[in-house]
Every structure is written in C-alpha cells, then in structure tokens.
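A short worksheet on the structure shown next.
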Amino acid sequence: MRLRKKQQQFIDKASSEGLGFGAMFWSRFKHNIMAMISLCVIVVFTVIAILGYLITPDHTPHCNQQYLELASLKPFSKATFVYLDNGNSLPQGPLRTLVKGKPLDAEAIPVFSYETLGDSLRYETMTGSVPNDGEILSVPLSKVKKIATRHFFLGTDTYGRDVLSQIMIGSRVSLSVGFIAVAIALLIGILLGSLAAYYGKWVDNLIMWIINVVWSIPTVLLVIAITFALGKGFWQVFIAVGLTMWVDVARVVRGQVLSVKEKEYIEAAKALGYSTPRIILRHILPNIIGPVIVITASNFASAILLEAGLSFLGIGVQPPMPSWGSMVKENYAQILLDNAHLAFIPGLAIMIIVLAFMIIGNGIRDALDIRNQK
C-alpha cells in the first residue's frame, strides 16, 4: 500500500511538470519584444474579427453595400449621403447584427450638394466625379431620415464597396479558418501520433504508412482535391485545410511520445493498472505540450495562406463573402493602374497576420529551449 502511494505521488509530480511550466514560460516569452508585438497584432485582429459588423463602417451583410457612383475612391476620401426612408426599418438585436450584419433601413444616396427649400430637400445626385453633371431631385423633408458625411479610410473598390469594412470582415474568415483547421489537425494528429508511438508494432507501421502517403502528396494539390470533392464554400475550406495539416502534428507527437513513454512515471502508471486513455491524456500529453504549441502556431500561419490561395484561385470562400485572397484576385489587375492599393492592402493584411504567427512560433520555441537561456 505504501509503495502504491509513493508510485501515485511520483506520477502526479511528473505529470504536473507538463502543466506547471506556464509561469516560467511566460517569464521568458514576455522578454521577446517581437513576439509580444506579434501577440498584440493577433489580439487586435481577433477582436476585430469577433466584433465584426458592430464596428465596421459598412454593417450590411458581407459588407456588400455597393455605390457604383463612388467606385475606386482613393484612401481617406469622403462622400455625403442623403438617407431616405424606404419603409423597411425592422428592429434587429445586436447578436444577430454581430453574426450576420444588418441591412440598411434607409436608401443611401451619395450627393454632390444639397439644400433645404421650405419643406423639401433639393439635392444633386452623383453620376461620376464631376460636379454639376448629376440629376437634380427634390424630396419632402419628412422622407429624409438623415444627412451624413461618410469617410472611406481605405477607399472603395471597383464596385463602390468600402475596402476597410471588407478587410475587417475578411479577418473573420482568415482567423476562423486558422482556428478550425488547426483544431481538426490537432484532433487527428494528436490521436494518431500518440496511438502510433504508444502501441508501436503494427499500429505504428500502419499509421506511419498513412502519414507517409499523405506526406508525399503536395499540400496545395491535396487541398484542391478535397475542396473539389466537398464542394466550394465556407465550411468546406475549413475541413479541406484541416485534413491536410494533421501530418505535421502527428509526426511531432509521435516523436515526443516515443521519448516520454519510456520515462519511469509512465512505467509506474502502467504498474498501477491505469487505462491507456488515462495514461496518454493525463500523463503523456501534458509533457509534450510545448512542441505541439510551436507546430500549432506554424500551422495557423499555413492555414491562413492556404485559405488565401484557395480564395485567389476561386475555389475557396465564395462571393459575396469577403476574403483577403478573393480581394487580391478581384483587384490584382489594378496593380498596373492607378489603384494598386486595392490589391496591396489585403496582401499586406495577409503578410502581417502570417508574419505575426511565425514570430509567435519562434518566440514560443525560444522560450521552451532551455539551452538558449542565460
């Protein structure tokens, strides 16, 4: 009985080492300035993605409100709008607005100028960038809901849509693909990698054969094949990317489990008759969490790049849902014209978020590497 108690104490102490390194890890990680800046960048993008339509200048579904009169405006442009009552004002809760956006409850008309004449409003519509070339219209003041000036801080695209709003909602797509695809990859990779290393023999041979087969297929081609099989769409991209990224996780987990399973506390757990799931979940996985976190950060960046590439090829997220990759596709021809920013801005967003995750991964690796500590 005393031996069993000592064995249990030994197991608990050894297993807690994998969960108790948090304070030590953070004390090392926070001194990496670039990693902390990258963490702040990721937090900002995540907050923007979560709040979504509540903070976007264009809160219509998919930020797809088009004003052809305002097509290809330069950054920091502004326009005056007359909002007319269209009789479609319906109450909508903030939660629904957060998830799906809110259609305009008034007809927004961009105007060059306006003036009040008695009980009516007289305004000149926009048909281009030249004043005094639009149509002069007059409406009763009772029909006018408001007159406001709207700023387009990143300009508008060729359809007159607000670029800033589309960039903000596009972050929701990229980060969602990263989170869900990485979750799928972790689920499959940790499961297969731990089983292969723990059981060995024919189980290890079979799983390694599957890993090598998947590893031999180019990632992009495999993603495209899965996308064609599942169809184009929002959720299909998540699944396709996740099903191609588990191989890296499985290989890392297998190598780590092979080294950990020979430790004394694992032998003690077996001697106590603990079940295999308990040994893997409570005593092995907590001690290999460090390398898994590093590969997860790298896979997050890879998932964002894959989603952008699929959307650029037209087999990822489908219009009208905005995506950084599809924005580059729609506007890459503008690079040779006077509106190169329409392609550069989403490309810059992709570069910033991918670079942030790569720096985070390097920072985690350095914080976990004892040999680099002074």
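The chains in the structure tokens are called A, B, ... from first to last as shown; in each chain the residues are counted from 1, and the ligands are counted from 1 in the order shown.
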
Inset, instruction - Taking the chain letters and numbering used in this document, name the residues of stretch 71-296 of chain A that DSSP puts in strand (DSSP E or B), as a PyMOL selection string. - result: chain A and resi 77-85+106-117+120-125+136-140+144-152+156+162

How would the residues just picked look written out with N, CA and C atoms as a compact mmCIF listing (two decimals), in the first residue's frame?
```
# COMPACT_ATOMS: atom_id res chain seq x y z
N SER A 77 -10.88 59.25 -48.62
CA SER A 77 -11.91 60.02 -49.31
C SER A 77 -13.16 60.08 -48.44
N LYS A 78 -14.06 60.98 -48.79
CA LYS A 78 -15.33 61.09 -48.06
C LYS A 78 -16.44 61.45 -49.04
N ALA A 79 -17.64 61.15 -48.65
CA ALA A 79 -18.80 61.44 -49.50
C ALA A 79 -19.99 61.77 -48.60
N THR A 80 -20.89 62.59 -49.14
CA THR A 80 -22.09 62.98 -48.42
C THR A 80 -23.26 62.13 -48.89
N PHE A 81 -24.03 61.64 -47.93
CA PHE A 81 -25.17 60.76 -48.24
C PHE A 81 -26.46 61.38 -47.72
N VAL A 82 -27.50 61.24 -48.52
CA VAL A 82 -28.86 61.56 -48.09
C VAL A 82 -29.57 60.24 -47.86
N TYR A 83 -30.07 60.03 -46.65
CA TYR A 83 -30.73 58.78 -46.30
C TYR A 83 -32.24 58.99 -46.33
N LEU A 84 -32.90 58.26 -47.23
CA LEU A 84 -34.34 58.39 -47.40
C LEU A 84 -35.04 57.16 -46.82
N ASP A 85 -36.16 57.40 -46.16
CA ASP A 85 -36.94 56.31 -45.56
C ASP A 85 -37.48 55.40 -46.65
N ALA A 106 -32.56 52.42 -44.61
CA ALA A 106 -32.86 53.63 -45.39
C ALA A 106 -32.12 53.55 -46.71
N GLU A 107 -32.62 54.22 -47.70
CA GLU A 107 -31.95 54.29 -49.00
C GLU A 107 -30.88 55.36 -48.95
N ALA A 108 -29.62 54.94 -49.11
CA ALA A 108 -28.49 55.87 -49.04
C ALA A 108 -28.14 56.36 -50.44
N ILE A 109 -28.22 57.66 -50.65
CA ILE A 109 -27.94 58.26 -51.96
C ILE A 109 -26.75 59.19 -51.83
N PRO A 110 -25.62 58.88 -52.49
CA PRO A 110 -24.49 59.81 -52.47
C PRO A 110 -24.80 61.05 -53.31
N VAL A 111 -24.52 62.24 -52.78
CA VAL A 111 -24.86 63.50 -53.45
C VAL A 111 -23.65 64.41 -53.48
N PHE A 112 -23.65 65.30 -54.48
CA PHE A 112 -22.63 66.33 -54.56
C PHE A 112 -22.98 67.49 -53.63
N SER A 113 -24.23 67.89 -53.66
CA SER A 113 -24.66 69.03 -52.87
C SER A 113 -26.14 68.89 -52.55
N TYR A 114 -26.59 69.66 -51.58
CA TYR A 114 -28.00 69.63 -51.20
C TYR A 114 -28.36 70.98 -50.57
N GLU A 115 -29.65 71.27 -50.57
CA GLU A 115 -30.14 72.48 -49.91
C GLU A 115 -31.59 72.27 -49.53
N THR A 116 -32.00 72.97 -48.49
CA THR A 116 -33.37 72.87 -47.99
C THR A 116 -34.19 74.02 -48.56
N LEU A 117 -35.29 73.67 -49.18
CA LEU A 117 -36.21 74.66 -49.74
C LEU A 117 -37.59 74.42 -49.14
N SER A 120 -39.02 70.80 -48.29
CA SER A 120 -38.43 69.79 -49.18
C SER A 120 -36.92 69.93 -49.21
N LEU A 121 -36.28 68.85 -49.63
CA LEU A 121 -34.82 68.84 -49.76
C LEU A 121 -34.47 68.68 -51.23
N ARG A 122 -33.62 69.55 -51.71
CA ARG A 122 -33.18 69.52 -53.11
C ARG A 122 -31.71 69.11 -53.12
N TYR A 123 -31.39 68.08 -53.95
CA TYR A 123 -30.02 67.59 -53.96
C TYR A 123 -29.62 67.20 -55.38
N GLU A 124 -28.29 67.18 -55.59
CA GLU A 124 -27.72 66.78 -56.88
C GLU A 124 -27.08 65.41 -56.72
N THR A 125 -27.56 64.42 -57.47
CA THR A 125 -27.01 63.07 -57.38
C THR A 125 -25.64 62.99 -58.03
N ILE A 136 -30.83 66.61 -60.70
CA ILE A 136 -31.34 67.41 -59.59
C ILE A 136 -32.70 66.85 -59.18
N LEU A 137 -32.80 66.44 -57.92
CA LEU A 137 -34.03 65.84 -57.41
C LEU A 137 -34.48 66.58 -56.15
N SER A 138 -35.77 66.40 -55.85
CA SER A 138 -36.34 67.04 -54.66
C SER A 138 -37.26 66.05 -53.97
N VAL A 139 -37.15 65.95 -52.64
CA VAL A 139 -37.98 65.05 -51.85
C VAL A 139 -38.50 65.80 -50.63
N PRO A 140 -39.63 65.40 -50.08
CA PRO A 140 -40.13 66.03 -48.85
C PRO A 140 -39.19 65.76 -47.68
N VAL A 144 -36.83 62.29 -45.39
CA VAL A 144 -35.39 62.29 -45.15
C VAL A 144 -35.10 61.86 -43.71
N LYS A 145 -34.38 60.79 -43.55
CA LYS A 145 -34.05 60.31 -42.20
C LYS A 145 -32.85 61.05 -41.64
N LYS A 146 -31.84 61.24 -42.47
CA LYS A 146 -30.66 61.99 -42.03
C LYS A 146 -29.78 62.31 -43.23
N ILE A 147 -28.87 63.25 -43.00
CA ILE A 147 -27.85 63.59 -43.99
C ILE A 147 -26.51 63.49 -43.27
N ALA A 148 -25.61 62.68 -43.80
CA ALA A 148 -24.35 62.42 -43.10
C ALA A 148 -23.20 62.32 -44.09
N THR A 149 -22.01 62.65 -43.59
CA THR A 149 -20.79 62.50 -44.37
C THR A 149 -20.07 61.24 -43.91
N ARG A 150 -19.72 60.40 -44.84
CA ARG A 150 -19.06 59.13 -44.52
C ARG A 150 -17.64 59.13 -45.07
N HIS A 151 -16.71 58.68 -44.25
CA HIS A 151 -15.31 58.63 -44.64
C HIS A 151 -14.94 57.21 -45.07
N PHE A 152 -14.18 57.13 -46.14
CA PHE A 152 -13.68 55.85 -46.64
C PHE A 152 -12.16 55.85 -46.44
N THR A 156 -12.56 52.84 -51.81
CA THR A 156 -13.57 51.88 -52.26
C THR A 156 -13.02 51.08 -53.43
N ASP A 162 -16.84 49.56 -49.46
CA ASP A 162 -15.85 50.08 -48.52
C ASP A 162 -14.75 49.03 -48.28
```

Would you mind listing what lies within 10 Å of A:Leu192 as a PDB file with N, CA, C and O atoms, in the first residue's frame, with only C-alpha atoms counted and same-chain residues fewer than 6 positions away left out?
```
ATOM      1  N   LEU A 186      -5.100  19.201 -34.997  1.00  0.00           N
ATOM      2  CA  LEU A 186      -4.657  18.751 -33.672  1.00  0.00           C
ATOM      3  C   LEU A 186      -5.401  17.499 -33.237  1.00  0.00           C
ATOM      4  O   LEU A 186      -4.798  16.564 -32.678  1.00  0.00           O
ATOM      5  N   TYR A 198       2.603   4.966 -28.819  1.00  0.00           N
ATOM      6  CA  TYR A 198       2.338   4.240 -27.570  1.00  0.00           C
ATOM      7  C   TYR A 198       2.231   2.732 -27.802  1.00  0.00           C
ATOM      8  O   TYR A 198       2.792   1.930 -27.052  1.00  0.00           O
ATOM      9  N   VAL A 203       0.535  -1.235 -35.304  1.00  0.00           N
ATOM     10  CA  VAL A 203      -0.224   0.027 -35.231  1.00  0.00           C
ATOM     11  C   VAL A 203       0.644   1.181 -35.712  1.00  0.00           C
ATOM     12  O   VAL A 203       0.216   2.029 -36.517  1.00  0.00           O
ATOM     13  N   ASP A 204       1.887   1.189 -35.242  1.00  0.00           N
ATOM     14  CA  ASP A 204       2.823   2.241 -35.660  1.00  0.00           C
ATOM     15  C   ASP A 204       3.108   2.138 -37.155  1.00  0.00           C
ATOM     16  O   ASP A 204       3.137   3.148 -37.869  1.00  0.00           O
ATOM     17  N   ILE A 207      -0.052   3.398 -39.176  1.00  0.00           N
ATOM     18  CA  ILE A 207      -0.246   4.857 -39.104  1.00  0.00           C
ATOM     19  C   ILE A 207       0.882   5.583 -39.823  1.00  0.00           C
ATOM     20  O   ILE A 207       0.648   6.579 -40.526  1.00  0.00           O
ATOM     21  N   MET A 208       2.107   5.118 -39.695  1.00  0.00           N
ATOM     22  CA  MET A 208       3.218   5.751 -40.403  1.00  0.00           C
ATOM     23  C   MET A 208       3.076   5.592 -41.903  1.00  0.00           C
ATOM     24  O   MET A 208       3.472   6.481 -42.673  1.00  0.00           O
ATOM     25  N   ILE A 210       0.190   5.553 -43.505  1.00  0.00           N
ATOM     26  CA  ILE A 210      -0.803   6.578 -43.870  1.00  0.00           C
ATOM     27  C   ILE A 210      -0.158   7.959 -43.879  1.00  0.00           C
ATOM     28  O   ILE A 210      -0.384   8.765 -44.791  1.00  0.00           O
ATOM     29  N   ILE A 211       0.665   8.249 -42.858  1.00  0.00           N
ATOM     30  CA  ILE A 211       1.329   9.554 -42.783  1.00  0.00           C
ATOM     31  C   ILE A 211       2.236   9.774 -43.984  1.00  0.00           C
ATOM     32  O   ILE A 211       2.247  10.846 -44.600  1.00  0.00           O
ATOM     33  N   TRP A 246      -2.730  17.706 -40.524  1.00  0.00           N
ATOM     34  CA  TRP A 246      -2.547  16.865 -39.349  1.00  0.00           C
ATOM     35  C   TRP A 246      -1.262  16.056 -39.394  1.00  0.00           C
ATOM     36  O   TRP A 246      -0.782  15.568 -38.351  1.00  0.00           O
ATOM     37  N   VAL A 247      -0.670  15.924 -40.575  1.00  0.00           N
ATOM     38  CA  VAL A 247       0.520  15.074 -40.722  1.00  0.00           C
ATOM     39  C   VAL A 247       1.676  15.636 -39.896  1.00  0.00           C
ATOM     40  O   VAL A 247       2.381  14.889 -39.195  1.00  0.00           O
ATOM     41  N   VAL A 249       1.559  17.510 -37.249  1.00  0.00           N
ATOM     42  CA  VAL A 249       1.260  17.310 -35.828  1.00  0.00           C
ATOM     43  C   VAL A 249       1.502  15.854 -35.429  1.00  0.00           C
ATOM     44  O   VAL A 249       2.093  15.574 -34.372  1.00  0.00           O
ATOM     45  N   ALA A 250       1.056  14.927 -36.258  1.00  0.00           N
ATOM     46  CA  ALA A 250       1.203  13.510 -35.930  1.00  0.00           C
ATOM     47  C   ALA A 250       2.673  13.117 -35.823  1.00  0.00           C
ATOM     48  O   ALA A 250       3.062  12.355 -34.919  1.00  0.00           O
ATOM     49  N   ARG A 251       3.491  13.612 -36.723  1.00  0.00           N
ATOM     50  CA  ARG A 251       4.913  13.260 -36.685  1.00  0.00           C
ATOM     51  C   ARG A 251       5.587  13.812 -35.426  1.00  0.00           C
ATOM     52  O   ARG A 251       6.402  13.132 -34.790  1.00  0.00           O
ATOM     53  N   VAL A 253       4.086  14.660 -32.543  1.00  0.00           N
ATOM     54  CA  VAL A 253       3.542  13.972 -31.364  1.00  0.00           C
ATOM     55  C   VAL A 253       4.132  12.576 -31.244  1.00  0.00           C
ATOM     56  O   VAL A 253       4.492  12.133 -30.139  1.00  0.00           O
ATOM     57  N   ARG A 254       4.243  11.871 -32.352  1.00  0.00           N
ATOM     58  CA  ARG A 254       4.799  10.512 -32.307  1.00  0.00           C
ATOM     59  C   ARG A 254       6.224  10.525 -31.744  1.00  0.00           C
ATOM     60  O   ARG A 254       6.572   9.704 -30.889  1.00  0.00           O
TER      61      ARG A 254
END
```

Inset, instruction - One decimal, Å: what's the distance from atom CA of A:Tyr274 over to atom CA of A:Glu262, could you say? - result: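 Distance reported for this atom pair: 15.7 Å.
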
Inset, instruction - Enumerate as a list in words all residues of stretch 100-176 of chain A assigned to alpha helix (DSSP H) by DSSP on the backbone, naming them with the chain letters and numbers the document uses. - result: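 Alpha helix (DSSP H) members of stretch 100-176 of chain A, listed: Lys100, Val163, Leu164, Ser165, Gln166, Ile167, Met168, Ile169, Gly170, Ser171, Arg172, Val173, Ser174, Leu175 and Ser176 of chain A.
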
Go ahead and dump the residues you just picked, all heavy atoms, as an mmCIF file, in the first residue's frame.
```
data_model
loop_
_atom_site.group_PDB
_atom_site.id
_atom_site.type_symbol
_atom_site.label_atom_id
_atom_site.label_comp_id
_atom_site.auth_asym_id
_atom_site.auth_seq_id
_atom_site.Cartn_x
_atom_site.Cartn_y
_atom_site.Cartn_z
ATOM 1 N N LYS A 100 -24.483 38.289 -38.537
ATOM 2 C CA LYS A 100 -24.881 38.358 -39.944
ATOM 3 C C LYS A 100 -24.918 39.762 -40.530
ATOM 4 O O LYS A 100 -25.150 39.919 -41.729
ATOM 5 C CB LYS A 100 -26.260 37.724 -40.112
ATOM 6 C CG LYS A 100 -26.280 36.232 -39.825
ATOM 7 C CD LYS A 100 -27.629 35.629 -40.155
ATOM 8 C CE LYS A 100 -27.624 34.114 -39.950
ATOM 9 N NZ LYS A 100 -28.937 33.508 -40.297
ATOM 10 N N VAL A 163 -13.507 49.370 -48.629
ATOM 11 C CA VAL A 163 -12.397 48.425 -48.518
ATOM 12 C C VAL A 163 -12.090 48.116 -47.057
ATOM 13 O O VAL A 163 -11.819 46.959 -46.702
ATOM 14 C CB VAL A 163 -11.150 48.972 -49.235
ATOM 15 C CG1 VAL A 163 -9.946 48.051 -49.017
ATOM 16 C CG2 VAL A 163 -11.415 49.133 -50.726
ATOM 17 N N LEU A 164 -12.144 49.123 -46.181
ATOM 18 C CA LEU A 164 -11.853 48.893 -44.767
ATOM 19 C C LEU A 164 -12.823 47.884 -44.165
ATOM 20 O O LEU A 164 -12.413 46.976 -43.423
ATOM 21 C CB LEU A 164 -11.930 50.216 -44.003
ATOM 22 C CG LEU A 164 -11.737 50.131 -42.487
ATOM 23 C CD1 LEU A 164 -10.371 49.537 -42.148
ATOM 24 C CD2 LEU A 164 -11.903 51.509 -41.839
ATOM 25 N N SER A 165 -14.104 47.998 -44.473
ATOM 26 C CA SER A 165 -15.091 47.067 -43.942
ATOM 27 C C SER A 165 -14.818 45.649 -44.429
ATOM 28 O O SER A 165 -14.920 44.676 -43.655
ATOM 29 C CB SER A 165 -16.501 47.503 -44.356
ATOM 30 O OG SER A 165 -16.822 48.762 -43.823
ATOM 31 N N GLN A 166 -14.461 45.516 -45.697
ATOM 32 C CA GLN A 166 -14.194 44.184 -46.225
ATOM 33 C C GLN A 166 -12.926 43.581 -45.625
ATOM 34 O O GLN A 166 -12.866 42.366 -45.390
ATOM 35 C CB GLN A 166 -14.085 44.248 -47.744
ATOM 36 C CG GLN A 166 -15.390 44.616 -48.436
ATOM 37 C CD GLN A 166 -15.540 43.902 -49.762
ATOM 38 O OE1 GLN A 166 -14.610 43.841 -50.552
ATOM 39 N NE2 GLN A 166 -16.717 43.356 -50.002
ATOM 40 N N ILE A 167 -11.925 44.408 -45.360
ATOM 41 C CA ILE A 167 -10.715 43.912 -44.703
ATOM 42 C C ILE A 167 -11.047 43.424 -43.296
ATOM 43 O O ILE A 167 -10.572 42.359 -42.857
ATOM 44 C CB ILE A 167 -9.645 45.025 -44.639
ATOM 45 C CG1 ILE A 167 -9.061 45.294 -46.041
ATOM 46 C CG2 ILE A 167 -8.534 44.656 -43.672
ATOM 47 C CD1 ILE A 167 -8.182 44.189 -46.567
ATOM 48 N N MET A 168 -11.877 44.170 -42.590
ATOM 49 C CA MET A 168 -12.222 43.801 -41.214
ATOM 50 C C MET A 168 -13.020 42.502 -41.165
ATOM 51 O O MET A 168 -12.749 41.623 -40.339
ATOM 52 C CB MET A 168 -12.996 44.949 -40.555
ATOM 53 C CG MET A 168 -12.177 46.216 -40.393
ATOM 54 S SD MET A 168 -13.150 47.639 -39.834
ATOM 55 C CE MET A 168 -13.442 47.185 -38.127
ATOM 56 N N ILE A 169 -13.993 42.336 -42.038
ATOM 57 C CA ILE A 169 -14.768 41.101 -42.064
ATOM 58 C C ILE A 169 -13.944 39.964 -42.659
ATOM 59 O O ILE A 169 -14.100 38.796 -42.283
ATOM 60 C CB ILE A 169 -16.083 41.291 -42.845
ATOM 61 C CG1 ILE A 169 -16.990 42.252 -42.083
ATOM 62 C CG2 ILE A 169 -16.807 39.973 -43.049
ATOM 63 C CD1 ILE A 169 -17.383 41.768 -40.697
ATOM 64 N N GLY A 170 -13.043 40.286 -43.581
ATOM 65 C CA GLY A 170 -12.156 39.256 -44.128
ATOM 66 C C GLY A 170 -11.266 38.638 -43.065
ATOM 67 O O GLY A 170 -10.888 37.460 -43.170
ATOM 68 N N SER A 171 -10.919 39.413 -42.026
ATOM 69 C CA SER A 171 -10.129 38.851 -40.930
ATOM 70 C C SER A 171 -10.893 37.749 -40.210
ATOM 71 O O SER A 171 -10.299 36.805 -39.691
ATOM 72 C CB SER A 171 -9.752 39.955 -39.940
ATOM 73 O OG SER A 171 -10.900 40.455 -39.274
ATOM 74 N N ARG A 172 -12.218 37.861 -40.181
ATOM 75 C CA ARG A 172 -13.032 36.816 -39.552
ATOM 76 C C ARG A 172 -12.875 35.500 -40.301
ATOM 77 O O ARG A 172 -12.776 34.432 -39.687
ATOM 78 C CB ARG A 172 -14.497 37.263 -39.518
ATOM 79 C CG ARG A 172 -15.458 36.254 -38.969
ATOM 80 C CD ARG A 172 -16.873 36.798 -38.908
ATOM 81 N NE ARG A 172 -17.044 37.792 -37.863
ATOM 82 C CZ ARG A 172 -18.217 38.331 -37.531
ATOM 83 N NH1 ARG A 172 -19.315 37.972 -38.201
ATOM 84 N NH2 ARG A 172 -18.295 39.224 -36.570
ATOM 85 N N VAL A 173 -12.834 35.550 -41.629
ATOM 86 C CA VAL A 173 -12.676 34.332 -42.431
ATOM 87 C C VAL A 173 -11.296 33.714 -42.207
ATOM 88 O O VAL A 173 -11.163 32.510 -41.939
ATOM 89 C CB VAL A 173 -12.892 34.641 -43.924
ATOM 90 C CG1 VAL A 173 -12.576 33.408 -44.777
ATOM 91 C CG2 VAL A 173 -14.307 35.116 -44.173
ATOM 92 N N SER A 174 -10.257 34.544 -42.279
ATOM 93 C CA SER A 174 -8.896 34.017 -42.156
ATOM 94 C C SER A 174 -8.641 33.407 -40.788
ATOM 95 O O SER A 174 -8.094 32.304 -40.678
ATOM 96 C CB SER A 174 -7.891 35.141 -42.433
ATOM 97 O OG SER A 174 -7.981 35.577 -43.769
ATOM 98 N N LEU A 175 -9.039 34.110 -39.724
ATOM 99 C CA LEU A 175 -8.808 33.585 -38.385
ATOM 100 C C LEU A 175 -9.693 32.374 -38.093
ATOM 101 O O LEU A 175 -9.272 31.450 -37.384
ATOM 102 C CB LEU A 175 -9.045 34.685 -37.346
ATOM 103 C CG LEU A 175 -8.017 35.824 -37.366
ATOM 104 C CD1 LEU A 175 -8.384 36.880 -36.335
ATOM 105 C CD2 LEU A 175 -6.610 35.300 -37.092
ATOM 106 N N SER A 176 -10.904 32.379 -38.638
ATOM 107 C CA SER A 176 -11.779 31.215 -38.442
ATOM 108 C C SER A 176 -11.187 29.976 -39.097
ATOM 109 O O SER A 176 -11.207 28.881 -38.523
ATOM 110 C CB SER A 176 -13.171 31.498 -39.012
ATOM 111 O OG SER A 176 -13.796 32.567 -38.336
#
```
